[in-house]
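Asker: Before we start, here is the structure in question, set down as structure tokens.
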Amino acid sequence: MSDIGKPEVLAGAVLGKESTIPVASPFREDTKRLREEYTSRTPRSMLESWRSRRSMEQRGIDVLIDQNIGTERNPDGTKKRKPGSDTEKRFKEAQKYSSLAKDFLERGYDSLGDPQKTEVRKFVELTIKAWPEGSALFSGMTDNQKKATIEDILKDPSYVSKLRGVFEGAIDSSKTIPDIAPDLALKFDEAKKREKEKQLESSEVQRNLTKTNDELAEFDTGGRKSDRLEAIEKDLPELTVELEDKENKFDELKDEIKYLEQTRRTMLLRGVDTSALDTDLIEKNGQLRELRRDTNKIKKTLTERDSLQQEKEQLKQKRQQLEIQRTKLDDEVKSLTKERINAQAEVASAQIDRSSQEEDFVDNLRGVFSEASMQYLEEKIIAMEEVQRQFIEEEKAKTTDPAEKAILDSLLKRWDSEKQTGVFHKRTIREFNEHQIKEDFDKLMTSGPNEIMKDILMKGGLTEDEANAKLADPEFLAKMQPQVVERLITRRIQTGALREDQARMIIESDWGKGMIENAIKNKKEVKDALDKLRSEGVLNEGVIDWFKKKSGGSILSILLLLMGTALIGVPIYKALKNEIGK
């Protein structure tokens, strides 16, 4: 099997780096052809690059944000957003993230200010860490190495194209949030109009004065509405603090759910069992709904307070008018007053719903870099997995040894499976056989690879004697054992995480040493780096001997480096020197 099957090589290809591993004949031409074929499928053309940098219409973005944030308007028709209000905060946040994406797309990453660069890199890093292999690779990197790797992605025309697509979707005119339903506003306006007309009409009716006084008595000490208003006023400080606390928790929980959904998306693509995460998501979404209900309840209580105060003040004014003009109120005044209050409450409720829509709009703008990063990695990982599959298939076709064919066939099927999905089951997706991966990895860590290889050979059609004979053949083992180990460790990394203690066990095992020695032998960059470290006196012994003495630092990161992680942009000489020279 070619080195293309290794997790770090895959990660390097995903992050846009050109492989430097020398591929032995007869697969060198296949490697070149498949690489060219893959490259031709990625959006790197001059047209794509031009498209990713063309200017964007600022006015259209400004109009969309202005339309989507805020409901109140000034007399001249412009939006009114009170300083310090939630509406103003959402407006500024929408402007910030739309400007960040627009500046990036029009001027490029290098033209951004340092705070903008830091924020953009943060979005990409969090997305990379959602993939197990990305998290493993980053765990051994310095901050500068991480930064360089992320910047390579951000400067890739393919990534820029993805970002443009996501951003254009977020600012598409179809994303316009309609104003609060006109019929509600009309209903409220008409209620106010009828109430005013009836008040003018009934101002001369003395007989309704008593009734008006009775209504106002509800707000006197001991009155039902007075008690209600007093209760709300008493709880007002606590309600205000509670509302702010719940809104903060709501924002934090939304960010946590978004991160879990990205992780779940990654796990689904990898075929990892998401039951535990699904349960967590259900629970957190339930908490989110409960927080939304609680905050809406508090807001409606505060709206009720305003309505009660307003009703009380209007009744006082009405009584004063009736006493001065000797007018009366009739039953219609109360009915119309209630109608107006109810209509106003409906508008207030619609405004709360509108706030949720505005928050979603801002969330989409805030998440464009994260979504583009996820699409970028998904596309490249899926494509490179296909390239790996083709390499193994071609190697299978060229070997005449049944044992080698059985091993190669298992590399495709033992830890992977395919299933048909979609309405008509016409789309094929690959899943990892997580149970088999864990079972084989546990065997690898306890008894080495031969038990696994024997099972593979026998399931591939060899008798037990034939399998034992092959496993006793040093040439066969030297050729096939590293491939089995590498593929298994690859899948282990992709479905979970390789721990430090497990990395040490691999290094200290005979089969692990063989894999490392094979990796060093076949990777010129790794070999050159080690030779240079020896010539400088940094490394005065064999790598395995050095590993045995190493007590601190990351064994895992060094193992991944020796397996080829330099292909994702890590300067391997410097990285090894940083670790070995400690």
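Chain labels follow the order of the structure tokens: the first chain is A, the next B, and so on; residue numbering restarts at 1 in every chain, and ligands are counted from 1 in their shown order.
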May I have the residues within 10 Å of Asp172 in chain A as a PDB file with all heavy atoms, in the first residue's frame, using only C-alpha atoms and disregarding those fewer than 6 positions away in the same chain?

Answerer:
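Written out: out-v7.pdb:
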```pdb
ATOM      1  N   GLY A  60     -26.123  46.743  -1.137  1.00  0.00           N
ATOM      2  CA  GLY A  60     -27.071  45.654  -0.951  1.00  0.00           C
ATOM      3  C   GLY A  60     -26.937  45.021   0.429  1.00  0.00           C
ATOM      4  O   GLY A  60     -27.939  44.663   1.061  1.00  0.00           O
ATOM      5  N   ILE A  61     -25.702  44.875   0.902  1.00  0.00           N
ATOM      6  CA  ILE A  61     -25.478  44.305   2.231  1.00  0.00           C
ATOM      7  C   ILE A  61     -26.033  45.248   3.297  1.00  0.00           C
ATOM      8  O   ILE A  61     -26.712  44.817   4.234  1.00  0.00           O
ATOM      9  CB  ILE A  61     -23.976  44.062   2.459  1.00  0.00           C
ATOM     10  CG1 ILE A  61     -23.448  43.052   1.442  1.00  0.00           C
ATOM     11  CG2 ILE A  61     -23.722  43.566   3.876  1.00  0.00           C
ATOM     12  CD1 ILE A  61     -21.941  42.863   1.485  1.00  0.00           C
ATOM     13  N   LEU A  64     -29.795  45.094   3.402  1.00  0.00           N
ATOM     14  CA  LEU A  64     -30.282  43.856   4.020  1.00  0.00           C
ATOM     15  C   LEU A  64     -30.150  43.914   5.534  1.00  0.00           C
ATOM     16  O   LEU A  64     -31.092  43.560   6.266  1.00  0.00           O
ATOM     17  CB  LEU A  64     -29.500  42.656   3.476  1.00  0.00           C
ATOM     18  CG  LEU A  64     -29.924  41.287   4.019  1.00  0.00           C
ATOM     19  CD1 LEU A  64     -31.325  40.928   3.558  1.00  0.00           C
ATOM     20  CD2 LEU A  64     -28.937  40.213   3.596  1.00  0.00           C
ATOM     21  N   VAL A 166     -20.839  30.646   0.899  1.00  0.00           N
ATOM     22  CA  VAL A 166     -21.556  30.694   2.181  1.00  0.00           C
ATOM     23  C   VAL A 166     -21.986  32.121   2.492  1.00  0.00           C
ATOM     24  O   VAL A 166     -23.130  32.370   2.906  1.00  0.00           O
ATOM     25  CB  VAL A 166     -20.664  30.145   3.317  1.00  0.00           C
ATOM     26  CG1 VAL A 166     -21.361  30.317   4.666  1.00  0.00           C
ATOM     27  CG2 VAL A 166     -20.354  28.672   3.084  1.00  0.00           C
TER      28      VAL A 166
END
```

Asker: Quick one: everything within 6 Å of range 356-365 of chain A, counting only C-alpha atoms, minus sequence neighbours fewer than 3 positions away in the same chain. Send it as a list in words.

Answerer: Ile69, Ala94, Tyr97, Asp353 and Val368 of chain A

Asker: For the residues in that selection, give me N, CA and C atoms as a short mmCIF file (atom, residue, chain, number, x, y, z; two decimals), in the first residue's frame.

Answerer:
```cif
data_model
loop_
_atom_site.label_atom_id
_atom_site.label_comp_id
_atom_site.auth_asym_id
_atom_site.auth_seq_id
_atom_site.Cartn_x
_atom_site.Cartn_y
_atom_site.Cartn_z
N ILE A 69 -32.56 44.18 10.91
CA ILE A 69 -32.30 44.46 12.32
C ILE A 69 -33.11 45.67 12.76
N ALA A 94 -23.84 42.36 13.17
CA ALA A 94 -24.07 42.00 11.77
C ALA A 94 -23.13 42.79 10.86
N TYR A 97 -19.42 41.29 11.25
CA TYR A 97 -19.10 40.02 10.60
C TYR A 97 -19.30 40.08 9.09
N ASP A 353 -40.75 37.55 18.62
CA ASP A 353 -40.45 36.56 17.58
C ASP A 353 -39.47 37.12 16.56
N VAL A 368 -20.02 32.28 8.98
CA VAL A 368 -19.64 32.00 7.59
C VAL A 368 -18.26 31.36 7.47
#
```

Asker: Using DSSP on the backbone coordinates, identify the residues of range 57-281 of chain A assigned to helix (DSSP H, G or I); present them as number ranges by chain.

Answerer: A: 58-68, 86-107, 109-111, 114-129, 132-139, 143-154, 157-170, 173-175, 182-202, 208-217, 224-270, 275-281

Asker: Which neighbours of range 275-280 of chain A fall inside 8 Å, counting only C-alpha atoms, when residues of the same chain fewer than 2 positions from it are skipped, and could you give them as JSON, numbers by chain?

Answerer: {"A": [260, 264, 273, 282, 283, 284]}

Asker: Deliver the residues from the most recent selection as a file, using N, CA and C atoms, as a PDB file, in the first residue's frame.

Answerer:
```
ATOM      1  N   LEU A 260     -21.321  21.506  18.998  1.00  0.00           N
ATOM      2  CA  LEU A 260     -21.678  20.084  19.056  1.00  0.00           C
ATOM      3  C   LEU A 260     -22.262  19.607  17.733  1.00  0.00           C
ATOM      4  N   ARG A 264     -20.950  16.676  15.547  1.00  0.00           N
ATOM      5  CA  ARG A 264     -21.837  15.579  15.134  1.00  0.00           C
ATOM      6  C   ARG A 264     -21.779  15.383  13.619  1.00  0.00           C
ATOM      7  N   ASP A 273     -20.512   6.566  16.014  1.00  0.00           N
ATOM      8  CA  ASP A 273     -21.799   6.508  16.712  1.00  0.00           C
ATOM      9  C   ASP A 273     -22.062   7.831  17.431  1.00  0.00           C
ATOM     10  N   ILE A 282     -30.076  16.795  22.319  1.00  0.00           N
ATOM     11  CA  ILE A 282     -31.506  16.865  22.651  1.00  0.00           C
ATOM     12  C   ILE A 282     -31.686  17.582  23.982  1.00  0.00           C
ATOM     13  N   GLU A 283     -30.831  17.207  24.959  1.00  0.00           N
ATOM     14  CA  GLU A 283     -30.933  17.838  26.268  1.00  0.00           C
ATOM     15  C   GLU A 283     -30.632  19.330  26.195  1.00  0.00           C
ATOM     16  N   LYS A 284     -29.579  19.679  25.455  1.00  0.00           N
ATOM     17  CA  LYS A 284     -29.207  21.093  25.376  1.00  0.00           C
ATOM     18  C   LYS A 284     -30.228  21.889  24.572  1.00  0.00           C
TER      19      LYS A 284
END
```

Asker: To one decimal in Å, tell me the separation between CA of Gly286 in chain A and CA of Thr240 in chain A.

Answerer: 23.2 Å

Asker: Which residues of range 165-259 of chain A sit at most 8 Å from range 312-320 of chain A, using only C-alpha atoms? Give each one's shortest atom pair and distance in Å (one decimal place), in chain and ascending residue order, as JSON lines.

Answerer:
```
{"residue": "A:Gln199", "atom": "CA", "partner": "A:Lys318", "partner_atom": "CA", "distance": 7.8}
{"residue": "A:Leu209", "atom": "CA", "partner": "A:Arg319", "partner_atom": "CA", "distance": 7.0}
{"residue": "A:Thr212", "atom": "CA", "partner": "A:Arg319", "partner_atom": "CA", "distance": 6.6}
{"residue": "A:Asn213", "atom": "CA", "partner": "A:Arg319", "partner_atom": "CA", "distance": 7.0}
{"residue": "A:Glu215", "atom": "CA", "partner": "A:Leu315", "partner_atom": "CA", "distance": 7.8}
{"residue": "A:Leu216", "atom": "CA", "partner": "A:Leu315", "partner_atom": "CA", "distance": 6.2}
{"residue": "A:Phe219", "atom": "CA", "partner": "A:Lys312", "partner_atom": "CA", "distance": 6.7}
```

Asker: Record the distance separating CA of Glu371 in chain A and CA of Gly165 in chain A, expressed in Å with one decimal.

Answerer: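 Distance between the two atoms: 10.1 Å.
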
Asker: In Å, how far is it from CA of Asp255 in chain A to CA of Glu57 in chain A?

Answerer: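 Distance reported for this atom pair: 29.5 Å.
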
Asker: When you look at Gly271 in chain A with a cut-off of 10 Å (counting only C-alpha atoms), what residues show up, excluding the ones that are within fewer than 5 positions of it in the same chain? I need them as a list in words.

Answerer: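 The residues satisfying every condition are Arg265, Thr266, Asp416, Ser417, Glu418, Ile429, Arg430, Glu431, Phe432, Asn433, Glu434, Gln494 and Thr495 of chain A.
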
Asker: Generate a file of the selected residues that holds N, CA and C atoms, formatted as a short mmCIF file (atom, residue, chain, number, x, y, z; two decimals), in the first residue's frame.

Answerer:
```cif
data_model
loop_
_atom_site.label_atom_id
_atom_site.label_comp_id
_atom_site.auth_asym_id
_atom_site.auth_seq_id
_atom_site.Cartn_x
_atom_site.Cartn_y
_atom_site.Cartn_z
N ARG A 265 -21.72 16.50 12.91
CA ARG A 265 -21.62 16.42 11.46
C ARG A 265 -20.35 15.68 11.05
N THR A 266 -19.26 15.98 11.75
CA THR A 266 -17.99 15.30 11.50
C THR A 266 -18.12 13.81 11.81
N ASP A 416 -13.90 -0.31 7.02
CA ASP A 416 -14.83 0.60 6.34
C ASP A 416 -16.03 -0.19 5.87
N SER A 417 -17.14 0.51 5.69
CA SER A 417 -18.31 -0.11 5.08
C SER A 417 -19.04 0.94 4.28
N GLU A 418 -19.85 0.50 3.35
CA GLU A 418 -20.64 1.43 2.54
C GLU A 418 -22.12 1.13 2.73
N ILE A 429 -22.61 6.23 0.80
CA ILE A 429 -21.74 6.91 1.75
C ILE A 429 -20.91 5.86 2.48
N ARG A 430 -19.69 6.27 2.87
CA ARG A 430 -18.80 5.37 3.58
C ARG A 430 -18.89 5.62 5.07
N GLU A 431 -18.88 4.54 5.82
CA GLU A 431 -18.88 4.63 7.27
C GLU A 431 -17.70 3.84 7.81
N PHE A 432 -17.21 4.22 8.97
CA PHE A 432 -16.18 3.45 9.63
C PHE A 432 -16.84 2.37 10.48
N ASN A 433 -16.24 1.19 10.47
CA ASN A 433 -16.70 0.11 11.33
C ASN A 433 -16.02 0.31 12.69
N GLU A 434 -16.60 1.15 13.49
CA GLU A 434 -15.96 1.58 14.72
C GLU A 434 -15.71 0.40 15.67
N GLN A 494 -8.94 8.59 13.09
CA GLN A 494 -10.10 9.21 12.45
C GLN A 494 -11.41 8.97 13.20
N THR A 495 -11.43 7.96 14.06
CA THR A 495 -12.67 7.67 14.79
C THR A 495 -12.60 8.03 16.26
#
```

Asker: With only C-alpha atoms as the counted atoms, please give the residues lying no more than 9 Å from Met374 in chain A, apart from itself and same-chain residues fewer than 3 positions off, as a VMD selection string.

Answerer: chain A and resid 124 127 to 128 262 266 369 to 371 377 to 379

Asker: Residues of range 231-433 of chain A classed as strand (DSSP E) by DSSP on the backbone are to be reported as a PDB file with N, CA and C atoms, in the first residue's frame.

Answerer:
```
ATOM      1  N   ASP A 416     -13.899  -0.305   7.017  1.00  0.00           N
ATOM      2  CA  ASP A 416     -14.832   0.602   6.344  1.00  0.00           C
ATOM      3  C   ASP A 416     -16.033  -0.192   5.866  1.00  0.00           C
ATOM      4  N   SER A 417     -17.138   0.506   5.687  1.00  0.00           N
ATOM      5  CA  SER A 417     -18.308  -0.112   5.076  1.00  0.00           C
ATOM      6  C   SER A 417     -19.045   0.943   4.277  1.00  0.00           C
ATOM      7  N   GLU A 418     -19.854   0.496   3.354  1.00  0.00           N
ATOM      8  CA  GLU A 418     -20.640   1.426   2.543  1.00  0.00           C
ATOM      9  C   GLU A 418     -22.117   1.132   2.729  1.00  0.00           C
ATOM     10  N   LYS A 419     -22.934   2.170   2.633  1.00  0.00           N
ATOM     11  CA  LYS A 419     -24.369   1.959   2.669  1.00  0.00           C
ATOM     12  C   LYS A 419     -25.043   2.935   1.726  1.00  0.00           C
ATOM     13  N   GLN A 420     -26.201   2.520   1.237  1.00  0.00           N
ATOM     14  CA  GLN A 420     -26.970   3.351   0.324  1.00  0.00           C
ATOM     15  C   GLN A 420     -27.899   4.238   1.141  1.00  0.00           C
ATOM     16  N   THR A 421     -27.979   5.481   0.743  1.00  0.00           N
ATOM     17  CA  THR A 421     -28.827   6.410   1.468  1.00  0.00           C
ATOM     18  C   THR A 421     -29.595   7.263   0.485  1.00  0.00           C
ATOM     19  N   ARG A 427     -27.513   7.097  -3.334  1.00  0.00           N
ATOM     20  CA  ARG A 427     -26.278   7.751  -2.921  1.00  0.00           C
ATOM     21  C   ARG A 427     -25.534   6.841  -1.957  1.00  0.00           C
ATOM     22  N   THR A 428     -24.252   6.614  -2.232  1.00  0.00           N
ATOM     23  CA  THR A 428     -23.432   5.733  -1.405  1.00  0.00           C
ATOM     24  C   THR A 428     -22.563   6.567  -0.466  1.00  0.00           C
ATOM     25  N   ILE A 429     -22.606   6.234   0.800  1.00  0.00           N
ATOM     26  CA  ILE A 429     -21.740   6.912   1.754  1.00  0.00           C
ATOM     27  C   ILE A 429     -20.907   5.857   2.479  1.00  0.00           C
ATOM     28  N   ARG A 430     -19.694   6.267   2.874  1.00  0.00           N
ATOM     29  CA  ARG A 430     -18.797   5.371   3.579  1.00  0.00           C
ATOM     30  C   ARG A 430     -18.889   5.618   5.068  1.00  0.00           C
ATOM     31  N   GLU A 431     -18.877   4.540   5.824  1.00  0.00           N
ATOM     32  CA  GLU A 431     -18.877   4.630   7.269  1.00  0.00           C
ATOM     33  C   GLU A 431     -17.701   3.843   7.813  1.00  0.00           C
ATOM     34  N   PHE A 432     -17.208   4.223   8.969  1.00  0.00           N
ATOM     35  CA  PHE A 432     -16.179   3.450   9.632  1.00  0.00           C
ATOM     36  C   PHE A 432     -16.836   2.373  10.482  1.00  0.00           C
TER      37      PHE A 432
END
```

Asker: Using only C-alpha atoms, which residues sit within 12 Å of Gln351 in chain A once same-chain residues fewer than 4 positions away are excluded, as a PDB file with N, CA, C and O atoms, in the first residue's frame?

Answerer:
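Heads up, here's the output in around35.pdb:
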```pdb
ATOM      1  N   ILE A  69     -32.561  44.175  10.914  1.00  0.00           N
ATOM      2  CA  ILE A  69     -32.297  44.460  12.323  1.00  0.00           C
ATOM      3  C   ILE A  69     -33.113  45.673  12.763  1.00  0.00           C
ATOM      4  O   ILE A  69     -32.866  46.789  12.312  1.00  0.00           O
ATOM      5  N   GLY A  70     -34.078  45.442  13.632  1.00  0.00           N
ATOM      6  CA  GLY A  70     -34.895  46.527  14.171  1.00  0.00           C
ATOM      7  C   GLY A  70     -36.285  46.573  13.567  1.00  0.00           C
ATOM      8  O   GLY A  70     -36.479  46.210  12.402  1.00  0.00           O
ATOM      9  N   THR A  71     -37.245  47.028  14.360  1.00  0.00           N
ATOM     10  CA  THR A  71     -38.632  47.124  13.888  1.00  0.00           C
ATOM     11  C   THR A  71     -39.192  48.535  13.990  1.00  0.00           C
ATOM     12  O   THR A  71     -40.101  48.901  13.251  1.00  0.00           O
ATOM     13  N   GLU A  72     -38.638  49.336  14.896  1.00  0.00           N
ATOM     14  CA  GLU A  72     -39.144  50.703  15.059  1.00  0.00           C
ATOM     15  C   GLU A  72     -38.567  51.611  13.980  1.00  0.00           C
ATOM     16  O   GLU A  72     -37.439  51.426  13.530  1.00  0.00           O
ATOM     17  N   THR A  87     -31.162  45.504  19.984  1.00  0.00           N
ATOM     18  CA  THR A  87     -31.263  45.716  18.547  1.00  0.00           C
ATOM     19  C   THR A  87     -29.992  46.368  18.004  1.00  0.00           C
ATOM     20  O   THR A  87     -29.450  45.954  16.974  1.00  0.00           O
ATOM     21  N   PRO A 178     -39.184  39.797   6.861  1.00  0.00           N
ATOM     22  CA  PRO A 178     -40.285  40.755   6.658  1.00  0.00           C
ATOM     23  C   PRO A 178     -40.590  41.529   7.928  1.00  0.00           C
ATOM     24  O   PRO A 178     -40.356  41.044   9.042  1.00  0.00           O
ATOM     25  N   ASP A 179     -41.085  42.743   7.749  1.00  0.00           N
ATOM     26  CA  ASP A 179     -41.510  43.527   8.900  1.00  0.00           C
ATOM     27  C   ASP A 179     -42.644  42.808   9.621  1.00  0.00           C
ATOM     28  O   ASP A 179     -43.249  41.872   9.080  1.00  0.00           O
ATOM     29  N   ILE A 180     -42.907  43.242  10.827  1.00  0.00           N
ATOM     30  CA  ILE A 180     -44.004  42.639  11.594  1.00  0.00           C
ATOM     31  C   ILE A 180     -45.275  42.706  10.751  1.00  0.00           C
ATOM     32  O   ILE A 180     -45.555  43.717  10.100  1.00  0.00           O
ATOM     33  N   ALA A 181     -46.030  41.607  10.771  1.00  0.00           N
ATOM     34  CA  ALA A 181     -47.195  41.459   9.895  1.00  0.00           C
ATOM     35  C   ALA A 181     -48.033  42.736   9.835  1.00  0.00           C
ATOM     36  O   ALA A 181     -48.448  43.251  10.870  1.00  0.00           O
ATOM     37  N   LEU A 184     -51.274  43.065  11.877  1.00  0.00           N
ATOM     38  CA  LEU A 184     -51.171  43.344  13.309  1.00  0.00           C
ATOM     39  C   LEU A 184     -51.037  44.843  13.557  1.00  0.00           C
ATOM     40  O   LEU A 184     -51.691  45.393  14.448  1.00  0.00           O
ATOM     41  N   ALA A 185     -50.162  45.480  12.774  1.00  0.00           N
ATOM     42  CA  ALA A 185     -49.982  46.919  12.929  1.00  0.00           C
ATOM     43  C   ALA A 185     -51.262  47.668  12.599  1.00  0.00           C
ATOM     44  O   ALA A 185     -51.647  48.624  13.290  1.00  0.00           O
ATOM     45  N   ASN A 296     -39.013  34.795  27.300  1.00  0.00           N
ATOM     46  CA  ASN A 296     -40.247  35.345  26.726  1.00  0.00           C
ATOM     47  C   ASN A 296     -41.276  35.632  27.807  1.00  0.00           C
ATOM     48  O   ASN A 296     -42.005  36.631  27.752  1.00  0.00           O
ATOM     49  N   LYS A 299     -40.224  38.792  29.528  1.00  0.00           N
ATOM     50  CA  LYS A 299     -40.477  39.945  28.655  1.00  0.00           C
ATOM     51  C   LYS A 299     -41.969  40.275  28.595  1.00  0.00           C
ATOM     52  O   LYS A 299     -42.367  41.440  28.571  1.00  0.00           O
ATOM     53  N   LYS A 300     -42.782  39.223  28.560  1.00  0.00           N
ATOM     54  CA  LYS A 300     -44.231  39.464  28.508  1.00  0.00           C
ATOM     55  C   LYS A 300     -44.736  40.052  29.829  1.00  0.00           C
ATOM     56  O   LYS A 300     -45.680  40.840  29.846  1.00  0.00           O
ATOM     57  N   THR A 303     -43.876  43.574  29.611  1.00  0.00           N
ATOM     58  CA  THR A 303     -44.829  44.209  28.699  1.00  0.00           C
ATOM     59  C   THR A 303     -46.161  44.449  29.411  1.00  0.00           C
ATOM     60  O   THR A 303     -46.809  45.491  29.225  1.00  0.00           O
ATOM     61  N   GLN A 344     -51.869  45.744  21.063  1.00  0.00           N
ATOM     62  CA  GLN A 344     -50.517  46.176  21.387  1.00  0.00           C
ATOM     63  C   GLN A 344     -49.694  44.989  21.911  1.00  0.00           C
ATOM     64  O   GLN A 344     -48.507  44.850  21.582  1.00  0.00           O
ATOM     65  N   ALA A 345     -50.351  44.129  22.707  1.00  0.00           N
ATOM     66  CA  ALA A 345     -49.656  42.941  23.227  1.00  0.00           C
ATOM     67  C   ALA A 345     -49.288  41.986  22.092  1.00  0.00           C
ATOM     68  O   ALA A 345     -48.223  41.365  22.116  1.00  0.00           O
ATOM     69  N   GLU A 346     -50.166  41.884  21.086  1.00  0.00           N
ATOM     70  CA  GLU A 346     -49.858  41.025  19.931  1.00  0.00           C
ATOM     71  C   GLU A 346     -48.655  41.570  19.171  1.00  0.00           C
ATOM     72  O   GLU A 346     -47.801  40.801  18.712  1.00  0.00           O
ATOM     73  N   VAL A 347     -48.610  42.888  19.025  1.00  0.00           N
ATOM     74  CA  VAL A 347     -47.461  43.494  18.356  1.00  0.00           C
ATOM     75  C   VAL A 347     -46.192  43.241  19.156  1.00  0.00           C
ATOM     76  O   VAL A 347     -45.131  42.901  18.598  1.00  0.00           O
ATOM     77  N   SER A 355     -37.210  39.297  17.114  1.00  0.00           N
ATOM     78  CA  SER A 355     -35.874  39.321  17.717  1.00  0.00           C
ATOM     79  C   SER A 355     -35.158  37.993  17.507  1.00  0.00           C
ATOM     80  O   SER A 355     -33.955  37.956  17.238  1.00  0.00           O
ATOM     81  N   SER A 356     -35.907  36.895  17.624  1.00  0.00           N
ATOM     82  CA  SER A 356     -35.302  35.572  17.412  1.00  0.00           C
ATOM     83  C   SER A 356     -34.829  35.425  15.970  1.00  0.00           C
ATOM     84  O   SER A 356     -33.752  34.859  15.710  1.00  0.00           O
ATOM     85  N   GLN A 357     -35.616  35.930  15.022  1.00  0.00           N
ATOM     86  CA  GLN A 357     -35.218  35.865  13.617  1.00  0.00           C
ATOM     87  C   GLN A 357     -33.965  36.706  13.371  1.00  0.00           C
ATOM     88  O   GLN A 357     -33.074  36.309  12.611  1.00  0.00           O
ATOM     89  N   GLU A 358     -33.895  37.859  14.015  1.00  0.00           N
ATOM     90  CA  GLU A 358     -32.720  38.715  13.871  1.00  0.00           C
ATOM     91  C   GLU A 358     -31.482  38.012  14.422  1.00  0.00           C
ATOM     92  O   GLU A 358     -30.391  38.086  13.834  1.00  0.00           O
TER      93      GLU A 358
END
```

Asker: I'd like to know which of A:Ile506, A:Ile382, A:Met445, A:Ala231 is closest to Leu308 in chain A, using only C-alpha atoms.

Answerer: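 Among A:Ile506, A:Ile382, A:Met445, A:Ala231, it is A:Ala231 that comes nearest to Leu308 in chain A.
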